[in-house]
$ cat upload-v3.txt   # compact mmCIF, C-alpha atoms and all ligand atoms
# COMPACT_ATOMS: atom_id res chain seq x y z
CA MET A 1226 24.81 -13.65 6.58
CA LYS A 1227 23.92 -14.00 2.92
CA GLN A 1228 22.30 -10.90 1.45
CA LEU A 1229 19.49 -10.85 -1.09
CA ARG A 1230 20.72 -9.07 -4.22
CA ILE A 1231 18.00 -6.85 -5.66
CA GLY A 1232 17.67 -5.04 -8.99
CA VAL A 1233 15.44 -1.97 -8.88
CA LEU A 1234 12.96 -1.42 -11.72
CA GLY A 1235 11.67 2.16 -11.54
CA CYS A 1236 13.76 4.88 -9.89
CA GLY A 1237 11.19 7.43 -8.71
CA THR A 1238 9.93 8.41 -5.25
CA ALA A 1239 9.23 4.91 -3.94
CA ALA A 1240 12.60 3.53 -5.10
CA HIS A 1241 14.38 6.26 -3.12
CA PHE A 1242 12.40 5.33 0.03
CA HIS A 1243 13.38 1.66 -0.41
CA ALA A 1244 17.01 2.44 -1.10
CA SER A 1245 17.27 4.74 1.89
CA ALA A 1246 15.51 2.18 4.13
CA CYS A 1247 17.86 -0.62 3.03
CA ARG A 1248 21.06 1.31 3.69
CA PRO A 1249 22.62 -0.41 5.46
CA SER A 1250 20.97 -3.81 5.74
CA GLN A 1251 22.55 -7.12 6.60
CA LYS A 1252 19.86 -8.88 4.61
CA ILE A 1253 19.64 -6.77 1.45
CA LYS A 1254 22.04 -5.48 -1.15
CA LEU A 1255 20.60 -3.31 -3.91
CA VAL A 1256 22.82 -3.97 -6.90
CA SER A 1257 21.38 -2.41 -10.03
CA ALA A 1258 18.76 0.02 -11.24
CA TYR A 1259 16.73 0.72 -14.34
CA ASP A 1260 14.25 3.45 -15.25
CA ALA A 1261 12.88 4.48 -18.66
CA ASN A 1262 14.22 7.93 -17.77
CA TYR A 1263 17.99 7.40 -17.62
CA GLU A 1264 18.48 10.54 -15.54
CA ASN A 1265 16.36 8.92 -12.82
CA THR A 1266 18.36 5.69 -13.14
CA LYS A 1267 21.63 7.59 -12.79
CA LYS A 1268 20.42 9.59 -9.82
CA LEU A 1269 19.43 6.51 -7.80
CA ALA A 1270 22.51 4.58 -8.96
CA ASP A 1271 24.90 7.41 -8.05
CA ILE A 1272 23.46 8.01 -4.58
CA TYR A 1273 23.33 4.33 -3.62
CA HIS A 1274 26.29 3.00 -5.66
CA LEU A 1275 24.28 0.76 -7.97
CA THR A 1276 24.94 -0.32 -11.53
CA ALA A 1277 22.90 1.92 -13.84
CA SER A 1278 21.24 -0.23 -16.53
CA ARG A 1279 20.00 1.06 -19.85
CA ASN A 1280 17.42 -1.73 -20.10
CA TYR A 1281 15.61 -3.95 -17.63
CA GLN A 1282 16.28 -7.15 -19.56
CA ASP A 1283 19.95 -6.99 -18.47
CA ILE A 1284 18.78 -6.99 -14.85
CA LEU A 1285 16.41 -9.90 -15.44
CA LYS A 1286 19.19 -11.90 -17.14
CA SER A 1287 21.87 -11.11 -14.60
CA ASN A 1288 23.24 -13.90 -12.40
CA ASP A 1289 24.14 -11.24 -9.83
CA VAL A 1290 20.48 -10.43 -9.19
CA ASP A 1291 18.26 -12.70 -7.07
CA ALA A 1292 15.15 -10.52 -6.95
CA VAL A 1293 13.62 -7.37 -8.37
CA LEU A 1294 11.86 -4.48 -6.74
CA ILE A 1295 9.14 -3.17 -9.04
CA ALA A 1296 8.57 0.50 -8.21
CA LEU A 1297 6.79 1.53 -11.39
CA PRO A 1298 3.40 3.00 -12.37
CA HIS A 1299 0.55 0.63 -11.55
CA PHE A 1300 -0.27 -0.43 -15.12
CA LEU A 1301 3.23 -1.96 -15.45
CA HIS A 1302 3.11 -4.12 -12.31
CA SER A 1303 1.59 -7.25 -13.81
CA ASP A 1304 3.65 -7.43 -17.03
CA LEU A 1305 6.92 -6.84 -15.20
CA THR A 1306 6.03 -9.36 -12.50
CA ILE A 1307 5.32 -11.98 -15.14
CA GLU A 1308 8.57 -11.29 -17.00
CA ALA A 1309 10.58 -11.31 -13.79
CA ALA A 1310 8.99 -14.59 -12.65
CA GLU A 1311 9.71 -16.18 -16.02
CA ALA A 1312 13.33 -15.06 -15.63
CA GLY A 1313 13.43 -16.85 -12.25
CA LYS A 1314 13.65 -13.67 -10.14
CA HIS A 1315 11.82 -13.25 -6.85
CA ILE A 1316 9.56 -10.20 -6.85
CA LEU A 1317 8.83 -7.41 -4.43
CA CYS A 1318 6.24 -5.26 -6.23
CA GLU A 1319 4.93 -1.92 -4.98
CA LYS A 1320 1.27 -1.48 -4.04
CA PRO A 1321 -1.39 -1.60 -5.35
CA MET A 1322 -0.77 -5.10 -6.70
CA ALA A 1323 -2.36 -4.13 -10.06
CA PRO A 1324 -5.39 -2.11 -11.17
CA THR A 1325 -7.58 -5.15 -12.00
CA LEU A 1326 -8.33 -8.45 -10.30
CA GLU A 1327 -7.52 -10.33 -13.48
CA GLU A 1328 -3.98 -8.89 -13.49
CA CYS A 1329 -3.58 -9.82 -9.82
CA ASP A 1330 -4.54 -13.40 -10.70
CA THR A 1331 -2.00 -13.60 -13.53
CA MET A 1332 0.73 -12.31 -11.19
CA ILE A 1333 -0.09 -14.96 -8.58
CA LYS A 1334 -0.18 -17.67 -11.24
CA ALA A 1335 3.13 -16.60 -12.81
CA ALA A 1336 4.97 -16.59 -9.46
CA LYS A 1337 3.56 -19.98 -8.51
CA LYS A 1338 4.43 -21.48 -11.89
CA ALA A 1339 8.01 -20.18 -11.69
CA GLY A 1340 8.40 -21.16 -8.02
CA VAL A 1341 9.50 -17.65 -7.02
CA LYS A 1342 8.37 -15.51 -4.08
CA LEU A 1343 5.98 -12.67 -4.80
CA MET A 1344 5.29 -10.07 -2.14
CA ILE A 1345 3.44 -6.81 -2.59
CA ALA A 1346 5.25 -3.94 -0.90
CA GLU A 1347 2.47 -2.78 1.41
CA ASN A 1348 4.51 -0.86 3.95
CA HIS A 1349 1.49 -0.22 6.18
CA ARG A 1350 1.41 -3.94 7.01
CA PHE A 1351 4.94 -3.62 8.43
CA LEU A 1352 4.62 -0.43 10.42
CA PRO A 1353 5.26 -1.26 14.11
CA ALA A 1354 2.32 0.98 15.17
CA HIS A 1355 -0.03 -1.11 13.05
CA LYS A 1356 1.36 -4.37 14.45
CA LEU A 1357 0.69 -2.97 17.91
CA ILE A 1358 -2.93 -2.12 17.02
CA LYS A 1359 -3.46 -5.61 15.62
CA LYS A 1360 -2.14 -7.08 18.89
CA VAL A 1361 -4.38 -4.82 21.02
CA LEU A 1362 -7.41 -5.83 18.95
CA ASN A 1363 -6.49 -9.52 19.21
CA GLU A 1364 -6.09 -9.24 22.97
CA GLY A 1365 -9.64 -7.89 23.20
CA LEU A 1366 -8.55 -4.70 24.96
CA ILE A 1367 -11.29 -2.70 23.25
CA GLY A 1368 -13.80 -5.56 23.14
CA ILE A 1369 -15.63 -6.02 19.86
CA PRO A 1370 -14.83 -3.30 17.29
CA LEU A 1371 -18.03 -1.52 16.28
CA LEU A 1372 -16.81 1.53 14.38
CA VAL A 1373 -13.58 2.34 12.54
CA ARG A 1374 -12.39 5.52 10.82
CA GLY A 1375 -9.28 5.76 8.64
CA TYR A 1376 -7.58 8.71 6.95
CA GLU A 1377 -4.61 9.27 4.69
CA GLY A 1378 -3.77 12.70 3.32
CA VAL A 1379 -0.86 13.69 1.07
CA ASP A 1380 -0.09 16.41 -1.45
CA GLU A 1381 0.15 14.82 -4.89
CA THR A 1382 -1.04 17.96 -6.70
CA PRO A 1383 2.28 18.69 -8.49
CA ASP A 1384 2.29 15.32 -10.35
CA LEU A 1385 -1.49 15.14 -10.68
CA SER A 1386 -1.53 18.55 -12.37
CA ILE A 1387 0.64 17.28 -15.25
CA PRO A 1388 -1.78 15.83 -17.83
CA GLU A 1389 0.70 13.25 -19.15
CA HIS A 1390 1.88 12.12 -15.68
CA TRP A 1391 0.67 8.62 -14.85
CA LYS A 1392 -0.59 9.55 -11.37
CA GLY A 1393 -4.37 9.87 -11.20
CA SER A 1394 -4.88 8.41 -14.66
CA PRO A 1395 -7.39 5.52 -14.72
CA GLU A 1396 -5.45 4.00 -17.62
CA LYS A 1397 -2.02 4.10 -15.94
CA ALA A 1398 -2.81 4.22 -12.22
CA GLY A 1399 -6.12 2.33 -12.22
CA GLY A 1400 -7.87 5.34 -10.74
CA GLY A 1401 -7.16 8.23 -8.43
CA VAL A 1402 -6.58 8.57 -4.72
CA LEU A 1403 -8.76 5.62 -3.70
CA MET A 1404 -6.52 3.28 -5.73
CA ASP A 1405 -3.30 4.97 -4.68
CA ALA A 1406 -3.89 5.62 -0.96
CA GLY A 1407 -7.14 3.80 -0.18
CA VAL A 1408 -5.45 0.48 -0.96
CA HIS A 1409 -3.12 0.99 2.05
CA LYS A 1410 -6.11 1.35 4.35
CA PHE A 1411 -7.94 -1.68 2.97
CA ALA A 1412 -4.82 -3.86 3.33
CA ILE A 1413 -4.62 -3.13 7.04
CA LEU A 1414 -8.34 -3.05 7.85
CA ASN A 1415 -8.98 -6.42 6.19
CA TRP A 1416 -6.10 -7.77 8.28
CA MET A 1417 -7.31 -6.19 11.51
CA LEU A 1418 -11.08 -6.52 11.18
CA GLY A 1419 -11.74 -9.19 8.53
CA ASP A 1420 -13.60 -8.96 5.25
CA VAL A 1421 -15.89 -6.19 4.06
CA SER A 1422 -19.26 -7.20 2.62
CA LEU A 1423 -20.56 -3.93 1.21
CA ALA A 1424 -19.52 -0.35 0.52
CA TYR A 1425 -20.80 3.04 -0.53
CA CYS A 1426 -18.35 5.50 -2.01
CA TRP A 1427 -18.10 9.14 -3.08
CA LEU A 1428 -15.39 10.35 -5.40
CA ALA A 1429 -14.57 14.01 -5.93
CA LYS A 1430 -12.41 16.00 -8.34
CA GLN A 1431 -11.90 19.20 -6.45
CA MET A 1432 -8.47 20.57 -7.33
CA ILE A 1433 -7.45 18.38 -10.26
CA LYS A 1434 -10.03 18.94 -12.92
CA LEU A 1435 -8.03 17.53 -15.85
CA GLU A 1436 -10.16 15.44 -18.18
CA ASN A 1437 -7.90 12.39 -17.97
CA LYS A 1438 -7.49 12.29 -14.17
CA ALA A 1439 -9.73 10.56 -11.63
CA ASP A 1440 -10.63 11.20 -7.96
CA ASP A 1441 -8.38 13.51 -5.93
CA ASN A 1442 -10.51 13.09 -2.78
CA ALA A 1443 -12.62 10.08 -1.82
CA MET A 1444 -14.79 8.77 1.01
CA MET A 1445 -15.90 5.19 1.39
CA PHE A 1446 -18.32 3.72 3.92
CA MET A 1447 -18.07 0.02 4.62
CA LYS A 1448 -19.74 -2.77 6.50
CA PHE A 1449 -17.49 -5.58 7.64
CA GLU A 1450 -18.78 -9.15 7.82
CA SER A 1451 -18.25 -8.92 11.60
CA GLY A 1452 -20.89 -6.16 11.75
CA CYS A 1453 -18.34 -3.37 12.35
CA ILE A 1454 -19.03 -0.27 10.24
CA GLY A 1455 -16.38 2.11 9.01
CA GLU A 1456 -15.31 5.00 6.83
CA ILE A 1457 -12.16 5.70 4.89
CA VAL A 1458 -11.27 9.22 3.82
CA VAL A 1459 -8.33 9.71 1.47
CA SER A 1460 -7.00 12.89 -0.05
CA ASP A 1461 -4.31 13.79 -2.57
CA THR A 1462 -4.76 17.51 -1.92
CA VAL A 1463 -3.63 18.05 1.67
CA PHE A 1464 -1.15 20.88 2.15
CA SER A 1465 0.66 19.67 5.22
CA THR A 1466 3.10 16.82 5.72
CA PRO A 1467 1.71 13.39 4.75
CA ASN A 1468 -0.27 11.82 7.56
CA ASN A 1469 -2.34 8.78 8.48
CA ARG A 1470 -4.88 8.22 11.20
CA LEU A 1471 -6.98 5.36 12.49
CA GLU A 1472 -9.72 5.30 15.13
CA PHE A 1473 -11.29 2.12 16.49
CA TYR A 1474 -14.28 2.24 18.83
CA GLY A 1475 -15.18 -1.05 20.51
CA THR A 1476 -17.64 -2.37 23.08
CA GLU A 1477 -14.96 -1.98 25.80
CA GLY A 1478 -12.53 0.68 24.65
CA THR A 1479 -10.95 2.88 22.02
CA ILE A 1480 -7.72 3.02 19.98
CA LEU A 1481 -6.54 6.23 18.36
CA GLU A 1482 -3.56 6.37 16.00
CA ASP A 1483 -1.90 9.36 14.39
CA HIS A 1484 1.38 9.06 12.51
CA SER A 1485 2.37 12.61 13.38
CA TRP A 1486 2.50 11.76 17.09
CA LYS A 1487 5.81 10.65 18.56
CA LYS A 1488 3.91 7.88 20.33
CA PRO A 1489 1.46 7.10 17.56
CA VAL A 1490 -1.01 4.83 19.39
CA GLN A 1491 -3.29 5.79 22.30
CA ILE A 1492 -5.43 3.18 24.03
CA PHE A 1493 -8.36 3.45 26.41
CA SER A 1494 -9.55 0.12 27.79
CA THR A 1495 -12.19 -0.83 30.34
CA VAL A 1496 -11.37 -4.56 30.48
CA LYS A 1497 -9.62 -6.06 33.50
CA GLU A 1498 -6.77 -7.37 31.28
CA ALA A 1499 -5.67 -3.72 30.91
CA GLY A 1500 -4.49 -3.99 34.54
CA GLU A 1501 -3.39 -0.74 36.16
CA LYS A 1502 -3.93 1.10 32.82
CA ARG A 1503 -7.65 0.35 32.98
CA TYR A 1504 -9.88 3.43 32.49
CA GLN A 1505 -7.05 5.74 31.43
CA TRP A 1506 -5.44 6.74 28.15
CA TYR A 1507 -1.99 5.25 27.64
CA SER A 1508 0.53 5.11 24.79
CA PRO A 1509 2.80 2.05 24.62
CA ASP A 1510 6.35 2.52 23.40
CA VAL A 1511 6.66 1.52 19.78
CA GLU A 1512 9.30 2.10 17.12
CA HIS A 1513 8.03 5.20 15.34
CA GLU A 1514 8.92 8.67 14.15
CA PRO A 1515 6.75 11.20 12.33
CA PHE A 1516 7.07 11.72 8.56
CA PRO A 1517 9.30 10.97 6.73
CA MET A 1518 10.76 8.45 9.17
CA TYR A 1519 7.69 6.24 9.47
CA TYR A 1520 8.05 5.57 5.76
CA ILE A 1521 11.68 4.52 6.23
CA ILE A 1522 10.89 2.39 9.29
CA SER A 1523 8.03 0.54 7.59
CA PHE A 1524 9.92 0.09 4.29
CA ARG A 1525 12.90 -1.37 6.19
CA HIS A 1526 10.76 -3.92 8.04
CA GLU A 1527 8.89 -4.77 4.84
CA ASP A 1528 11.97 -5.19 2.64
CA GLU A 1529 13.88 -7.19 5.25
CA HIS A 1530 10.87 -9.48 5.70
CA PHE A 1531 10.82 -10.09 1.95
CA ALA A 1532 14.55 -10.86 1.99
CA GLU A 1533 14.09 -13.29 4.89
CA CYS A 1534 11.27 -15.04 3.03
CA VAL A 1535 13.52 -15.63 0.03
CA LEU A 1536 16.68 -16.50 1.99
CA GLU A 1537 14.89 -18.81 4.43
CA ASP A 1538 12.20 -20.05 2.02
CA LYS A 1539 9.25 -18.73 4.05
CA GLN A 1540 5.90 -17.40 2.87
CA PRO A 1541 5.44 -13.61 3.22
CA VAL A 1542 3.08 -12.65 6.06
CA PHE A 1543 1.35 -10.30 3.62
CA THR A 1544 0.28 -12.73 0.93
CA PRO A 1545 -0.46 -11.86 -2.71
CA GLU A 1546 -4.02 -13.05 -2.07
CA GLU A 1547 -4.42 -10.42 0.67
CA ALA A 1548 -2.95 -7.79 -1.65
CA LYS A 1549 -5.51 -8.77 -4.29
CA LYS A 1550 -8.28 -8.42 -1.68
CA ALA A 1551 -7.16 -4.84 -0.96
CA VAL A 1552 -7.45 -4.08 -4.70
CA ALA A 1553 -10.91 -5.70 -4.66
CA MET A 1554 -11.96 -3.22 -1.94
CA VAL A 1555 -10.85 -0.29 -4.10
CA LEU A 1556 -12.82 -1.71 -7.03
CA LEU A 1557 -15.83 -2.21 -4.77
CA GLY A 1558 -15.66 1.51 -3.94
CA TYR A 1559 -15.28 2.50 -7.59
CA LEU A 1560 -18.21 0.27 -8.54
CA SER A 1561 -20.37 2.00 -5.93
CA ALA A 1562 -19.27 5.47 -7.04
CA LYS A 1563 -20.04 4.66 -10.68
CA THR A 1564 -23.49 3.24 -9.98
CA GLY A 1565 -24.32 5.71 -7.20
CA LYS A 1566 -25.47 2.76 -5.10
CA THR A 1567 -24.18 0.53 -2.33
CA ALA A 1568 -22.05 -2.24 -3.89
CA THR A 1569 -21.75 -5.74 -2.47
CA LEU A 1570 -19.04 -8.34 -3.00
CA GLU A 1571 -21.59 -10.27 -5.08
CA ASP A 1572 -21.97 -7.22 -7.35
CA LEU A 1573 -18.19 -7.09 -7.77
CA GLU A 1574 -17.99 -10.82 -8.53
CA LYS A 1575 -20.75 -10.44 -11.11
CA VAL A 1576 -18.84 -7.69 -12.92
CA ALA A 1577 -15.63 -9.74 -12.71
CA SER A 1578 -17.30 -12.79 -14.27
CA THR A 1579 -19.17 -10.88 -17.01
CA LYS A 1580 -17.43 -7.70 -18.18
CA GLY A 1581 -14.15 -8.03 -16.25
CA THR A 1582 -12.93 -5.58 -13.60
CA ARG A 1583 -11.21 -3.27 -16.10
CA SER A 1584 -14.73 -2.11 -16.96
CA ILE A 1585 -14.91 -0.58 -13.45
CA ILE A 1586 -11.88 1.66 -13.86
CA GLU A 1587 -12.74 2.69 -17.41
CA GLY A 1588 -14.37 6.13 -17.39
CA LEU A 1589 -13.49 6.89 -13.75
CA GLU A 1590 -12.16 10.29 -14.84
CA LYS A 1591 -15.76 11.32 -15.48
CA ILE A 1592 -17.00 10.37 -12.00
CA SER A 1593 -17.28 13.06 -9.34
CA ILE A 1594 -20.12 14.04 -7.06
N1 LIG B 1 4.35 2.45 -0.11
C1 LIG B 1 4.36 3.78 -0.26
O1 LIG B 1 4.23 4.53 0.68
C2 LIG B 1 4.58 4.34 -1.64
C3 LIG B 1 4.99 5.66 -1.81
C4 LIG B 1 5.15 6.14 -3.12
C5 LIG B 1 4.88 5.31 -4.20
N2 LIG B 1 4.47 4.03 -3.98
C6 LIG B 1 4.20 3.12 -5.14
O2 LIG B 1 5.42 2.96 -5.85
C7 LIG B 1 5.16 2.85 -7.25
C8 LIG B 1 5.91 3.96 -7.98
O3 LIG B 1 5.44 5.21 -7.50
P1 LIG B 1 6.40 6.49 -7.42
O4 LIG B 1 5.72 7.45 -6.52
O5 LIG B 1 7.78 6.07 -7.15
O6 LIG B 1 6.26 7.03 -8.91
P2 LIG B 1 7.26 8.02 -9.65
O7 LIG B 1 6.46 8.63 -10.74
O8 LIG B 1 7.96 8.88 -8.67
O9 LIG B 1 8.34 7.01 -10.24
C9 LIG B 1 8.00 6.11 -11.24
C10 LIG B 1 9.22 5.91 -12.13
O10 LIG B 1 8.85 4.97 -13.15
C11 LIG B 1 9.48 5.41 -14.36
N3 LIG B 1 8.73 4.85 -15.48
C12 LIG B 1 7.54 5.24 -15.96
N4 LIG B 1 7.17 4.45 -16.99
C13 LIG B 1 8.16 3.55 -17.14
C14 LIG B 1 8.38 2.47 -18.02
N5 LIG B 1 7.49 2.15 -18.97
N6 LIG B 1 9.50 1.72 -17.87
C15 LIG B 1 10.41 2.05 -16.92
N7 LIG B 1 10.28 3.08 -16.09
C16 LIG B 1 9.16 3.80 -16.19
C17 LIG B 1 9.44 6.93 -14.30
O11 LIG B 1 10.45 7.50 -15.12
C18 LIG B 1 9.69 7.19 -12.82
O12 LIG B 1 11.04 7.40 -12.52
C19 LIG B 1 3.64 2.90 -7.38
O13 LIG B 1 3.15 1.61 -7.36
C20 LIG B 1 3.21 3.67 -6.14
O14 LIG B 1 1.87 3.40 -5.77
C21 LIG B 1 4.34 3.54 -2.73
$ encode --input "upload-v3.txt" --output "structure tokens" --more "lines below"
Ligand SMILES: NC(=O)c1ccc[n+]([C@@H]2O[C@H](COP(=O)([O-])OP(=O)(O)OC[C@H]3O[C@@H](n4cnc5c(N)ncnc54)[C@H](O)[C@@H]3O)[C@@H](O)[C@H]2O)c1
Amino acid sequence: MKQLRIGVLGCGTAAHFHASACRPSQKIKLVSAYDANYENTKKLADIYHLTASRNYQDILKSNDVDAVLIALPHFLHSDLTIEAAEAGKHILCEKPMAPTLEECDTMIKAAKKAGVKLMIAENHRFLPAHKLIKKVLNEGLIGIPLLVRGYEGVDETPDLSIPEHWKGSPEKAGGGVLMDAGVHKFAILNWMLGDVSLAYCWLAKQMIKLENKADDNAMMFMKFESGCIGEIVVSDTVFSTPNNRLEFYGTEGTILEDHSWKKPVQIFSTVKEAGEKRYQWYSPDVEHEPFPMYYIISFRHEDEHFAECVLEDKQPVFTPEEAKKAVAMVLLGYLSAKTGKTATLEDLEKVASTKGTRSIIEGLEKISI
């Protein structure tokens, strides 16, 4: 089988997850790497036997590279995507797509114009546990979802505590934890439950009080167009292994998910389609392992899907338009937090068409309840 040859732009944490997930892969061959910090380039290149490049232009010009993986700070995603598209390279770009909706639009336009594939690396869309939940919801095993709760907690305090580090900086990251982790949750909840119409959000700066850093903890309440209500809680200051949880409460049952469980999804259904499992908790078998393996599992499925899309000329199941929508949800939350009021999609559209969505992330470092 032909392998997709990928050049890696950015050799930090995410690049190591991708490289580890793709070793070995029949569909992917990572060939070269570039990072502004050459030590980081060398480290990734040495571990995974890649060519260490001193500049990214060599990777974009190379005939031995079919696609690039952009694993860089958020403010670089759109410019690098545009340059890569113009160089005729397919693009797998880490989440969030970009900090503003305008940048997302330019990325979509550039990929379309160049006729290359663009997929945002949203690993939560490729986690088998999440695919299972989507199937259970589609089968109506919990009836109509009424209430959803989502959580992601990690410890980002070492990087966030460095004033010049890009993480948590509105300018370089597009915000704090809601942009970094919240975007994962919005990408899957929009997919599972449909669009959100309004939101109310609280941002807090509890451990990271640096003047140039934004939210380290955030809560967002949402109403979906379906009528389902929900809350998302995300934290960058959790001193245990990274974890994610989801809870869905429906008219006929419940789904609980916790990534630290060996069997991460528990279902309770009262509908007759549940058969002999009706009225009891059960946990279907699904490919999963607690941290760090669920990262590796989801990255592998994600990256191999991207490779398949390029090699077989298919459209990614997670489209750039959906990735943009997840960014729009983050911005909806930030708009609410800045105004102290519930924000609707109409409010967001109004800001986008008058001041532009960068105006929402500007000054976020000053917002905390
Ligand atoms: N899907 C996930 O679970 C997951 C996990 C971690 C990170 N991410 C995403 O991956 C991306 C990178 O995050 P990370 O945690 O790897 O960050 P990181 O800080 O660990 O790595 C970023 C790398 O970019 C390099 N860099 C910074 N500015 C540069 C420039 N101008 N040109 C070239 N290189 C530059 C840095 O030297 C660093 O090596 C982000 O979009 C982040 O949200 C996703």
$ residues_around --input "upload-v3.txt" --residues "Leu1255 of chain A" --least-positions-apart "2" --cutoff "7 Å" --atoms "all atoms listed in the file" --output "list in words"
Arg1230, Ile1231, Gly1232, Ile1253, Ser1257 and Leu1275 of chain A
$ residues_near_ligand --input "upload-v3.txt" --ligand "ligand LIG 1 (chain B)" --cutoff "7 Å" --atoms "all atoms listed in the file" --output "list in words"
Leu1234, Gly1235, Cys1236, Gly1237, Thr1238, Ala1239, Ala1240, Tyr1259, Asp1260, Ala1261, Asn1262, Asn1265, Ala1296, Leu1297, Pro1298, His1299, Leu1301, Glu1319, Lys1320, Pro1321, Ala1346, Glu1347, Asn1348, Asp1405 and Tyr1520 of chain A
$ residues_near_point --input "upload-v3.txt" --point "(-20.0, 0.1, -6.9)" --cutoff "9 Å" --atoms "only C-alpha atoms" --output "MDAnalysis selection string"
chainID A and resid 1424:1426 1556:1569 1572:1573 1585
$ atom_distance --input "upload-v3.txt" --atom1 "atom CA of Leu1435 of chain A" --atom2 "atom CA of Glu1328 of chain A"
26.8 Å
$ residues_around --input "upload-v3.txt" --residues "segment 1387-1394 of chain A" --least-positions-apart "6" --cutoff "8 Å" --atoms "all atoms listed in the file" --output "PyMOL selection string"
chain A and resi 1298+1400-1402+1435+1437-1441+1590
$ residues_around --input "upload-v3.txt" --residues "segment 1306-1311 of chain A" --least-positions-apart "5" --cutoff "6 Å" --atoms "all atoms listed in the file" --output "VMD selection string"
chain A and resid 1335 to 1336 1339
$ residues_around --input "upload-v3.txt" --residues "Ile1272 of chain A" --least-positions-apart "5" --cutoff "10 Å" --atoms "all atoms listed in the file" --output "list in words"
His1241, Ala1244, Ser1245 and Lys1267 of chain A
$ write_last_selection --input "upload-v3.txt" --atoms "C-alpha atoms" --output "PDB file, in the frame of the given file"
ATOM      1  CA  HIS A1241      14.380   6.260  -3.120  1.00  0.00           C
ATOM      2  CA  ALA A1244      17.010   2.440  -1.100  1.00  0.00           C
ATOM      3  CA  SER A1245      17.270   4.740   1.890  1.00  0.00           C
ATOM      4  CA  LYS A1267      21.630   7.590 -12.790  1.00  0.00           C
TER       5      LYS A1267
END
$ closest_residue --input "upload-v3.txt" --among "A:Gln1282, A:Glu1498, A:Val1290, A:Val1552" --to "Lys1410 of chain A" --atoms "only C-alpha atoms"
A:Val1552
$ residues_around --input "upload-v3.txt" --residues "segment 1349-1359 of chain A" --least-positions-apart "5" --cutoff "7 Å" --atoms "only C-alpha atoms" --output "PyMOL selection string"
chain A and resi 1409+1413+1417+1489-1490+1511-1512+1522-1523+1526-1527
$ closest_residue --input "upload-v3.txt" --among "A:Asp1528, A:Glu1456, A:Glu1472, A:Glu1396" --to "Phe1300 of chain A" --atoms "all atoms listed in the file"
A:Glu1396
$ residues_near_point --input "upload-v3.txt" --point "(-12.0, 5.1, 0.1)" --cutoff "7 Å" --atoms "all atoms listed in the file" --output "PDB file with C-alpha atoms, in the coordinates of the input"
ATOM      1  CA  LEU A1403      -8.760   5.620  -3.700  1.00  0.00           C
ATOM      2  CA  GLY A1407      -7.140   3.800  -0.180  1.00  0.00           C
ATOM      3  CA  CYS A1426     -18.350   5.500  -2.010  1.00  0.00           C
ATOM      4  CA  ALA A1443     -12.620  10.080  -1.820  1.00  0.00           C
ATOM      5  CA  MET A1444     -14.790   8.770   1.010  1.00  0.00           C
ATOM      6  CA  MET A1445     -15.900   5.190   1.390  1.00  0.00           C
ATOM      7  CA  ILE A1457     -12.160   5.700   4.890  1.00  0.00           C
ATOM      8  CA  VAL A1458     -11.270   9.220   3.820  1.00  0.00           C
ATOM      9  CA  VAL A1459      -8.330   9.710   1.470  1.00  0.00           C
ATOM     10  CA  VAL A1555     -10.850  -0.290  -4.100  1.00  0.00           C
ATOM     11  CA  GLY A1558     -15.660   1.510  -3.940  1.00  0.00           C
TER      12      GLY A1558
END
$ closest_residue --input "upload-v3.txt" --among "A:Met1447, A:Leu1536, A:Ile1367, A:Val1233" --to "Tyr1474 of chain A" --atoms "all atoms listed in the file"
A:Ile1367
$ closest_residue --input "upload-v3.txt" --among "A:Tyr1281, A:Trp1427, A:Phe1524, A:Phe1531" --to "Cys1247 of chain A" --atoms "all atoms listed in the file"
A:Phe1524
$ atom_distance --input "upload-v3.txt" --atom1 "atom CA of Gln1228 of chain A" --atom2 "atom CA of Lys1252 of chain A"
4.5 Å
$ closest_residue --input "upload-v3.txt" --among "A:Ala1412, A:Glu1537, A:Val1256, A:Thr1462" --to "Asp1271 of chain A" --atoms "only C-alpha atoms"
A:Val1256
$ closest_residue --input "upload-v3.txt" --among "A:Lys1227, A:Lys1338, A:Arg1525, A:His1302" --to "Arg1248 of chain A" --atoms "all atoms listed in the file"
A:Arg1525
$ decode --input "upload-v3.txt" --residues "segment 1246-1250 of chain A" --atoms "N, CA, C and O atoms" --output "compact mmCIF listing (two decimals), in the first residue's frame"
# COMPACT_ATOMS: atom_id res chain seq x y z
N ALA A 1246 1.89 7.67 17.63
CA ALA A 1246 0.68 7.00 17.14
C ALA A 1246 0.86 6.41 15.73
O ALA A 1246 0.22 5.43 15.38
N CYS A 1247 1.74 7.04 14.95
CA CYS A 1247 1.91 6.60 13.55
C CYS A 1247 3.05 5.60 13.39
O CYS A 1247 3.47 5.31 12.27
N ARG A 1248 3.57 5.10 14.49
CA ARG A 1248 4.69 4.17 14.39
C ARG A 1248 4.28 2.81 14.93
O ARG A 1248 4.07 2.70 16.15
N PRO A 1249 4.13 1.79 14.11
CA PRO A 1249 4.22 1.86 12.66
C PRO A 1249 2.83 2.09 12.07
O PRO A 1249 1.83 1.82 12.72
N SER A 1250 2.78 2.56 10.84
CA SER A 1250 1.50 2.67 10.15
C SER A 1250 1.71 2.30 8.69
O SER A 1250 2.69 2.73 8.08
